[in-house]
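So this block is structure08.json, JSON, N, CA and C atoms:
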[["chain", "number", "residue", "atom", "x", "y", "z"],
["A", 20, "MET", "N", 0.35, -189.06, 23.80],
["A", 20, "MET", "CA", 1.16, -190.25, 24.02],
["A", 20, "MET", "C", 1.68, -190.75, 22.67],
["A", 21, "SER", "N", 2.95, -191.02, 22.60],
["A", 21, "SER", "CA", 3.54, -191.46, 21.34],
["A", 21, "SER", "C", 3.38, -192.96, 21.15],
["A", 22, "GLY", "N", 3.44, -193.36, 19.90],
["A", 22, "GLY", "CA", 3.34, -194.76, 19.55],
["A", 22, "GLY", "C", 4.34, -195.10, 18.46],
["A", 23, "TRP", "N", 4.35, -196.36, 18.09],
["A", 23, "TRP", "CA", 5.29, -196.84, 17.07],
["A", 23, "TRP", "C", 4.58, -196.99, 15.73],
["A", 24, "TYR", "N", 5.32, -196.65, 14.68],
["A", 24, "TYR", "CA", 4.82, -196.74, 13.31],
["A", 24, "TYR", "C", 5.86, -197.46, 12.45],
["A", 25, "SER", "N", 5.37, -198.21, 11.49],
["A", 25, "SER", "CA", 6.23, -198.87, 10.51],
["A", 25, "SER", "C", 6.08, -198.11, 9.20],
["A", 26, "VAL", "N", 7.20, -197.74, 8.61],
["A", 26, "VAL", "CA", 7.14, -197.02, 7.34],
["A", 26, "VAL", "C", 7.96, -197.79, 6.30],
["A", 27, "CYS", "N", 7.36, -197.98, 5.15],
["A", 27, "CYS", "CA", 8.05, -198.59, 4.02],
["A", 27, "CYS", "C", 8.41, -197.47, 3.06],
["A", 28, "MET", "N", 9.71, -197.25, 2.88],
["A", 28, "MET", "CA", 10.20, -196.15, 2.05],
["A", 28, "MET", "C", 10.80, -196.70, 0.76],
["A", 29, "LEU", "N", 10.62, -195.96, -0.33],
["A", 29, "LEU", "CA", 11.14, -196.37, -1.63],
["A", 29, "LEU", "C", 12.32, -195.49, -2.03],
["A", 30, "PHE", "N", 13.41, -196.15, -2.40],
["A", 30, "PHE", "CA", 14.61, -195.47, -2.91],
["A", 30, "PHE", "C", 14.89, -195.99, -4.31],
["A", 31, "GLU", "N", 15.44, -195.13, -5.16],
["A", 31, "GLU", "CA", 15.75, -195.51, -6.54],
["A", 31, "GLU", "C", 17.18, -195.07, -6.85],
["A", 32, "SER", "N", 17.91, -195.93, -7.55],
["A", 32, "SER", "CA", 19.29, -195.59, -7.92],
["A", 32, "SER", "C", 19.31, -194.83, -9.23],
["A", 33, "GLU", "N", 20.21, -193.88, -9.31],
["A", 33, "GLU", "CA", 20.47, -193.14, -10.54],
["A", 33, "GLU", "C", 21.97, -193.19, -10.77],
["A", 34, "VAL", "N", 22.37, -193.54, -12.00],
["A", 34, "VAL", "CA", 23.79, -193.66, -12.35],
["A", 34, "VAL", "C", 24.10, -192.66, -13.45],
["A", 35, "ASP", "N", 25.20, -191.91, -13.27],
["A", 35, "ASP", "CA", 25.62, -190.94, -14.29],
["A", 35, "ASP", "C", 25.66, -191.56, -15.67],
["A", 36, "ASP", "N", 25.21, -190.83, -16.66],
["A", 36, "ASP", "CA", 25.27, -191.22, -18.07],
["A", 36, "ASP", "C", 24.52, -192.51, -18.38],
["A", 37, "GLN", "N", 23.61, -192.92, -17.52],
["A", 37, "GLN", "CA", 22.83, -194.12, -17.80],
["A", 37, "GLN", "C", 21.37, -193.82, -17.54],
["A", 38, "SER", "N", 20.56, -194.05, -18.54],
["A", 38, "SER", "CA", 19.12, -193.97, -18.31],
["A", 38, "SER", "C", 18.60, -195.39, -18.35],
["A", 39, "SER", "N", 17.83, -195.71, -17.36],
["A", 39, "SER", "CA", 17.32, -197.07, -17.28],
["A", 39, "SER", "C", 15.81, -197.02, -17.15],
["A", 40, "GLU", "N", 15.14, -197.78, -17.99],
["A", 40, "GLU", "CA", 13.70, -197.87, -17.89],
["A", 40, "GLU", "C", 13.31, -198.65, -16.64],
["A", 41, "GLU", "N", 14.22, -199.48, -16.16],
["A", 41, "GLU", "CA", 13.98, -200.26, -14.95],
["A", 41, "GLU", "C", 15.14, -200.06, -13.99],
["A", 42, "PRO", "N", 15.20, -198.91, -13.31],
["A", 42, "PRO", "CA", 16.31, -198.67, -12.38],
["A", 42, "PRO", "C", 16.21, -199.61, -11.17],
["A", 43, "LEU", "N", 17.34, -199.81, -10.53],
["A", 43, "LEU", "CA", 17.38, -200.60, -9.31],
["A", 43, "LEU", "C", 16.69, -199.82, -8.21],
["A", 44, "CYS", "N", 15.76, -200.47, -7.51],
["A", 44, "CYS", "CA", 15.02, -199.82, -6.43],
["A", 44, "CYS", "C", 15.19, -200.61, -5.14],
["A", 45, "GLU", "N", 14.97, -199.92, -4.04],
["A", 45, "GLU", "CA", 15.03, -200.56, -2.72],
["A", 45, "GLU", "C", 13.84, -200.10, -1.89],
["A", 46, "GLU", "N", 13.17, -201.05, -1.26],
["A", 46, "GLU", "CA", 12.19, -200.73, -0.24],
["A", 46, "GLU", "C", 12.86, -200.95, 1.11],
["A", 47, "SER", "N", 12.77, -199.97, 1.97],
["A", 47, "SER", "CA", 13.37, -200.04, 3.30],
["A", 47, "SER", "C", 12.27, -199.85, 4.33],
["A", 48, "ILE", "N", 12.16, -200.79, 5.26],
["A", 48, "ILE", "CA", 11.14, -200.70, 6.29],
["A", 48, "ILE", "C", 11.81, -200.26, 7.59],
["A", 49, "ARG", "N", 11.31, -199.15, 8.14],
["A", 49, "ARG", "CA", 11.90, -198.55, 9.34],
["A", 49, "ARG", "C", 10.82, -198.38, 10.41],
["A", 50, "LEU", "N", 11.27, -198.33, 11.65],
["A", 50, "LEU", "CA", 10.38, -198.04, 12.77],
["A", 50, "LEU", "C", 10.54, -196.60, 13.18],
["A", 51, "ILE", "N", 9.41, -195.96, 13.47],
["A", 51, "ILE", "CA", 9.41, -194.56, 13.87],
["A", 51, "ILE", "C", 8.52, -194.41, 15.09],
["A", 52, "LYS", "N", 9.01, -193.66, 16.08],
["A", 52, "LYS", "CA", 8.19, -193.34, 17.25],
["A", 52, "LYS", "C", 7.71, -191.91, 17.08],
["A", 53, "ALA", "N", 6.38, -191.72, 17.15],
["A", 53, "ALA", "CA", 5.81, -190.39, 16.93],
["A", 53, "ALA", "C", 4.50, -190.26, 17.69],
["A", 54, "ASP", "N", 4.05, -189.01, 17.84],
["A", 54, "ASP", "CA", 2.81, -188.74, 18.57],
["A", 54, "ASP", "C", 1.56, -189.16, 17.81],
["A", 55, "ASP", "N", 1.60, -189.09, 16.47],
["A", 55, "ASP", "CA", 0.46, -189.48, 15.66],
["A", 55, "ASP", "C", 0.95, -189.79, 14.25],
["A", 56, "ILE", "N", 0.05, -190.24, 13.40],
["A", 56, "ILE", "CA", 0.44, -190.67, 12.05],
["A", 56, "ILE", "C", 0.97, -189.52, 11.21],
["A", 57, "ASP", "N", 0.43, -188.30, 11.42],
["A", 57, "ASP", "CA", 0.94, -187.15, 10.67],
["A", 57, "ASP", "C", 2.38, -186.83, 11.05],
["A", 58, "ALA", "N", 2.67, -186.91, 12.35],
["A", 58, "ALA", "CA", 4.04, -186.68, 12.81],
["A", 58, "ALA", "C", 4.97, -187.78, 12.29],
["A", 59, "ALA", "N", 4.48, -189.02, 12.26],
["A", 59, "ALA", "CA", 5.28, -190.14, 11.75],
["A", 59, "ALA", "C", 5.62, -189.93, 10.28],
["A", 60, "LYS", "N", 4.66, -189.41, 9.50],
["A", 60, "LYS", "CA", 4.91, -189.14, 8.09],
["A", 60, "LYS", "C", 5.97, -188.06, 7.93],
["A", 61, "MET", "N", 5.91, -187.02, 8.74],
["A", 61, "MET", "CA", 6.92, -185.96, 8.67],
["A", 61, "MET", "C", 8.31, -186.50, 9.00],
["A", 62, "VAL", "N", 8.39, -187.33, 10.03],
["A", 62, "VAL", "CA", 9.67, -187.93, 10.40],
["A", 62, "VAL", "C", 10.17, -188.84, 9.28],
["A", 63, "ALA", "N", 9.28, -189.63, 8.70],
["A", 63, "ALA", "CA", 9.67, -190.55, 7.62],
["A", 63, "ALA", "C", 10.17, -189.79, 6.39],
["A", 64, "ASP", "N", 9.49, -188.71, 6.04],
["A", 64, "ASP", "CA", 9.93, -187.90, 4.90],
["A", 64, "ASP", "C", 11.32, -187.31, 5.15],
["A", 65, "SER", "N", 11.54, -186.79, 6.35],
["A", 65, "SER", "CA", 12.86, -186.23, 6.70],
["A", 65, "SER", "C", 13.93, -187.31, 6.69],
["A", 66, "LEU", "N", 13.60, -188.47, 7.25],
["A", 66, "LEU", "CA", 14.55, -189.57, 7.29],
["A", 66, "LEU", "C", 14.91, -190.04, 5.89],
["A", 67, "GLY", "N", 13.91, -190.13, 5.01],
["A", 67, "GLY", "CA", 14.16, -190.55, 3.63],
["A", 67, "GLY", "C", 15.16, -189.65, 2.94],
["A", 68, "VAL", "N", 15.00, -188.34, 3.09],
["A", 68, "VAL", "CA", 15.93, -187.39, 2.47],
["A", 68, "VAL", "C", 17.31, -187.52, 3.12],
["A", 69, "GLU", "N", 17.34, -187.70, 4.44],
["A", 69, "GLU", "CA", 18.61, -187.85, 5.16],
["A", 69, "GLU", "C", 19.38, -189.10, 4.71],
["A", 70, "LEU", "N", 18.65, -190.14, 4.32],
["A", 70, "LEU", "CA", 19.29, -191.40, 3.92],
["A", 70, "LEU", "C", 19.77, -191.40, 2.47],
["A", 71, "GLU", "N", 19.43, -190.38, 1.70],
["A", 71, "GLU", "CA", 19.95, -190.29, 0.33],
["A", 71, "GLU", "C", 21.47, -190.20, 0.39],
["A", 72, "HIS", "N", 22.13, -190.87, -0.54],
["A", 72, "HIS", "CA", 23.59, -190.83, -0.56],
["A", 72, "HIS", "C", 24.10, -191.13, -1.97],
["A", 73, "ALA", "N", 25.38, -190.87, -2.17],
["A", 73, "ALA", "CA", 26.01, -191.11, -3.47],
["A", 73, "ALA", "C", 27.41, -191.69, -3.25],
["A", 74, "TYR", "N", 27.88, -192.42, -4.25],
["A", 74, "TYR", "CA", 29.22, -193.00, -4.22],
["A", 74, "TYR", "C", 29.66, -193.29, -5.65],
["A", 75, "SER", "N", 30.95, -193.54, -5.81],
["A", 75, "SER", "CA", 31.48, -193.91, -7.13],
["A", 75, "SER", "C", 31.49, -195.42, -7.26],
["A", 76, "ASN", "N", 31.00, -195.90, -8.40],
["A", 76, "ASN", "CA", 31.02, -197.35, -8.65],
["A", 76, "ASN", "C", 32.37, -197.74, -9.25],
["A", 77, "PRO", "N", 32.63, -199.03, -9.47],
["A", 77, "PRO", "CA", 33.92, -199.46, -10.02],
["A", 77, "PRO", "C", 34.24, -198.87, -11.40],
["A", 78, "ASP", "N", 33.22, -198.42, -12.14],
["A", 78, "ASP", "CA", 33.44, -197.81, -13.45],
["A", 78, "ASP", "C", 33.70, -196.31, -13.34],
["A", 79, "GLY", "N", 33.77, -195.79, -12.12],
["A", 79, "GLY", "CA", 34.01, -194.37, -11.92],
["A", 79, "GLY", "C", 32.78, -193.49, -12.09],
["A", 80, "LYS", "N", 31.63, -194.09, -12.24],
["A", 80, "LYS", "CA", 30.37, -193.34, -12.37],
["A", 80, "LYS", "C", 29.78, -193.08, -10.99],
["A", 81, "THR", "N", 29.09, -191.96, -10.85],
["A", 81, "THR", "CA", 28.44, -191.64, -9.59],
["A", 81, "THR", "C", 27.08, -192.32, -9.52],
["A", 82, "VAL", "N", 26.88, -193.05, -8.44],
["A", 82, "VAL", "CA", 25.60, -193.71, -8.17],
["A", 82, "VAL", "C", 24.93, -192.93, -7.04],
["A", 83, "ARG", "N", 23.70, -192.51, -7.29],
["A", 83, "ARG", "CA", 22.94, -191.78, -6.27],
["A", 83, "ARG", "C", 21.72, -192.61, -5.89],
["A", 84, "TRP", "N", 21.47, -192.73, -4.60],
["A", 84, "TRP", "CA", 20.25, -193.34, -4.10],
["A", 84, "TRP", "C", 19.33, -192.22, -3.66],
["A", 85, "VAL", "N", 18.19, -192.11, -4.34],
["A", 85, "VAL", "CA", 17.27, -190.99, -4.16],
["A", 85, "VAL", "C", 15.98, -191.49, -3.51],
["A", 86, "PHE", "N", 15.54, -190.78, -2.48],
["A", 86, "PHE", "CA", 14.28, -191.09, -1.81],
["A", 86, "PHE", "C", 13.12, -190.70, -2.71],
["A", 87, "LYS", "N", 12.28, -191.67, -3.05],
["A", 87, "LYS", "CA", 11.16, -191.44, -3.94],
["A", 87, "LYS", "C", 9.84, -191.26, -3.20],
["A", 88, "GLY", "N", 9.78, -191.68, -1.96],
["A", 88, "GLY", "CA", 8.56, -191.47, -1.19],
["A", 88, "GLY", "C", 8.21, -192.63, -0.29],
["A", 89, "ILE", "N", 7.11, -192.43, 0.40],
["A", 89, "ILE", "CA", 6.60, -193.43, 1.34],
["A", 89, "ILE", "C", 5.66, -194.37, 0.58],
["A", 90, "VAL", "N", 5.93, -195.66, 0.66],
["A", 90, "VAL", "CA", 5.08, -196.67, 0.04],
["A", 90, "VAL", "C", 3.89, -196.98, 0.95],
["A", 91, "ASP", "N", 4.18, -197.11, 2.24],
["A", 91, "ASP", "CA", 3.13, -197.45, 3.21],
["A", 91, "ASP", "C", 3.56, -196.99, 4.59],
["A", 92, "LEU", "N", 2.60, -196.59, 5.39],
["A", 92, "LEU", "CA", 2.84, -196.16, 6.76],
["A", 92, "LEU", "C", 1.76, -196.80, 7.62],
["A", 93, "GLN", "N", 2.18, -197.58, 8.63],
["A", 93, "GLN", "CA", 1.23, -198.32, 9.44],
["A", 93, "GLN", "C", 1.43, -198.01, 10.92],
["A", 94, "ASP", "N", 0.33, -197.79, 11.63],
["A", 94, "ASP", "CA", 0.36, -197.67, 13.08],
["A", 94, "ASP", "C", 0.49, -199.08, 13.64],
["A", 95, "LEU", "N", 1.52, -199.32, 14.44],
["A", 95, "LEU", "CA", 1.72, -200.66, 14.97],
["A", 95, "LEU", "C", 0.78, -200.99, 16.12],
["A", 96, "CYS", "N", 0.13, -199.97, 16.68],
["A", 96, "CYS", "CA", -0.81, -200.17, 17.79],
["A", 96, "CYS", "C", -0.14, -200.87, 18.97],
["A", 97, "GLU", "N", 1.13, -200.60, 19.16],
["A", 97, "GLU", "CA", 1.89, -201.16, 20.26],
["A", 97, "GLU", "C", 2.56, -200.03, 21.03],
["A", 98, "SER", "N", 2.56, -200.12, 22.35],
["A", 98, "SER", "CA", 3.20, -199.08, 23.15],
["A", 98, "SER", "C", 4.69, -199.35, 23.32],
["A", 99, "GLU", "N", 5.08, -200.62, 23.22],
["A", 99, "GLU", "CA", 6.50, -200.95, 23.29],
["A", 99, "GLU", "C", 6.83, -202.04, 22.28],
["A", 100, "ILE", "N", 8.06, -202.03, 21.85],
["A", 100, "ILE", "CA", 8.53, -203.01, 20.88],
["A", 100, "ILE", "C", 9.19, -204.17, 21.63],
["A", 101, "VAL", "N", 8.72, -205.37, 21.34],
["A", 101, "VAL", "CA", 9.26, -206.58, 21.97],
["A", 101, "VAL", "C", 9.56, -207.59, 20.89],
["A", 102, "SER", "N", 10.31, -208.60, 21.23],
["A", 102, "SER", "CA", 10.65, -209.64, 20.28],
["A", 102, "SER", "C", 9.40, -210.28, 19.70],
["A", 103, "GLY", "N", 9.37, -210.36, 18.38],
["A", 103, "GLY", "CA", 8.26, -211.00, 17.70],
["A", 103, "GLY", "C", 7.13, -210.07, 17.30],
["A", 104, "VAL", "N", 7.23, -208.80, 17.64],
["A", 104, "VAL", "CA", 6.17, -207.87, 17.27],
["A", 104, "VAL", "C", 6.12, -207.69, 15.76],
["A", 105, "GLU", "N", 4.92, -207.64, 15.20],
["A", 105, "GLU", "CA", 4.76, -207.45, 13.77],
["A", 105, "GLU", "C", 5.03, -205.99, 13.44],
["A", 106, "VAL", "N", 5.93, -205.76, 12.47],
["A", 106, "VAL", "CA", 6.26, -204.38, 12.11],
["A", 106, "VAL", "C", 5.76, -204.01, 10.71],
["A", 107, "PHE", "N", 5.32, -204.98, 9.93],
["A", 107, "PHE", "CA", 4.80, -204.68, 8.60],
["A", 107, "PHE", "C", 4.00, -205.88, 8.12],
["A", 108, "SER", "N", 2.90, -205.59, 7.44],
["A", 108, "SER", "CA", 2.13, -206.67, 6.82],
["A", 108, "SER", "C", 1.41, -206.12, 5.60],
["A", 109, "ARG", "N", 1.09, -206.99, 4.69],
["A", 109, "ARG", "CA", 0.28, -206.62, 3.54],
["A", 109, "ARG", "C", -0.49, -207.84, 3.09],
["A", 110, "MET", "N", -1.64, -207.61, 2.52],
["A", 110, "MET", "CA", -2.47, -208.70, 2.00],
["A", 110, "MET", "C", -2.44, -208.65, 0.48],
["A", 111, "PHE", "N", -2.46, -209.80, -0.15],
["A", 111, "PHE", "CA", -2.39, -209.88, -1.60],
["A", 111, "PHE", "C", -2.94, -211.21, -2.06],
["A", 112, "LYS", "N", -3.32, -211.28, -3.32],
["A", 112, "LYS", "CA", -3.74, -212.54, -3.94],
["A", 112, "LYS", "C", -2.49, -213.35, -4.24],
["A", 113, "LYS", "N", -2.58, -214.64, -4.21],
["A", 113, "LYS", "CA", -1.43, -215.53, -4.39],
["A", 113, "LYS", "C", -0.61, -215.19, -5.63],
["A", 114, "GLY", "N", -1.21, -214.83, -6.74],
["A", 114, "GLY", "CA", -0.51, -214.52, -7.97],
["A", 114, "GLY", "C", 0.22, -213.18, -7.94],
["A", 115, "GLN", "N", 0.01, -212.37, -6.91],
["A", 115, "GLN", "CA", 0.64, -211.06, -6.79],
["A", 115, "GLN", "C", 1.82, -211.04, -5.84],
["A", 116, "LEU", "N", 2.31, -212.19, -5.44],
["A", 116, "LEU", "CA", 3.36, -212.28, -4.43],
["A", 116, "LEU", "C", 4.54, -211.40, -4.70],
["A", 117, "GLY", "N", 5.07, -211.37, -5.90],
["A", 117, "GLY", "CA", 6.25, -210.56, -6.21],
["A", 117, "GLY", "C", 5.91, -209.15, -6.62],
["A", 118, "ARG", "N", 4.68, -208.74, -6.47],
["A", 118, "ARG", "CA", 4.15, -207.44, -6.88],
["A", 118, "ARG", "C", 4.03, -207.42, -8.35]]

What is this file in structure tokens?
Amino acid sequence: MSGWYSVCMLFESEVDDQSSEEPLCEESIRLIKADDIDAAKMVADSLGVELEHAYSNPDGKTVRWVFKGIVDLQDLCESEIVSGVEVFSRMFKKGQLGR
């Protein structure tokens, strides 16, 4: 029986001729339906690569968004998705709010 999983994926931007010690990054949280957590990870890895893309910025440089990996993968323990269902959570100390 399949279930729902929440995956937090990390993407990082790369710009031609620019090396950045602090590149722009994006965390994207997606829902995945899979038979088990291993299958959900395989789907998430494939989706991450599929979502990689590139474009030209206003300066004519190529910007690439590269999938860096899965940050977190959670079993939602829900058989169906309804309004208000929790899709991601994390616990932290108050001083760690911004990571």

- Task: Pick out each residue of chain A that DSSP on the backbone tags as strand (DSSP E or B); I need them as an MDAnalysis selection string.
- Result: chainID A and resid 22:34 37 44:53 72:75 81:94

- Determine the nearest neighbour of Val62 of chain A from the options A:Pro77, A:Ser25, A:Glu46, A:Asp36, counting only C-alpha atoms. A:Ser25

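Closest approach to Cys44 of chain A among A:Met28, A:Ala58, A:Ala73, A:Leu95: A:Met28, based on only C-alpha atoms.
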
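For Glu105 of chain A, the set of protein, DNA and RNA residues having any atom at most 12 Å away, when counting only C-alpha atoms and skipping those fewer than 6 positions along the same chain, is Trp23, Tyr24, Ser25, Ile48, Leu50, Gln93, Asp94, Leu95, Cys96, Glu97 and Glu99 of chain A.
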
- Do a neighbour search on Cys27 of chain A at 12 Å with only C-alpha atoms, toss out local chain neighbours closer than 6 positions, and write the hits as JSON, numbers by chain. {"A": [45, 46, 47, 48, 49, 50, 51, 59, 60, 63, 64, 66, 67, 86, 87, 88, 89, 90, 91, 92, 93, 94, 106, 107, 108, 109]}

- Task: May I have the residues within 8 Å of Val34 of chain A as a PyMOL selection string, using all atoms listed in the file and disregarding those fewer than 5 positions away in the same chain?
- Result: chain A and resi 39+42+80-84

- Task: Would you please work out which residue, of A:Asp35, A:Asp78, A:Asp54, A:Glu41, is nearest to Ser21 of chain A when using only N, CA and C atoms?
- Result: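 When distances to Ser21 of chain A are compared using only N, CA and C atoms, the smallest one comes from A:Asp54.
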
- Task: Using atom N of Glu31 of chain A and atom CA of Leu70 of chain A as the two end points, give the distance in Å to one decimal.
- Result: 10.5 Å
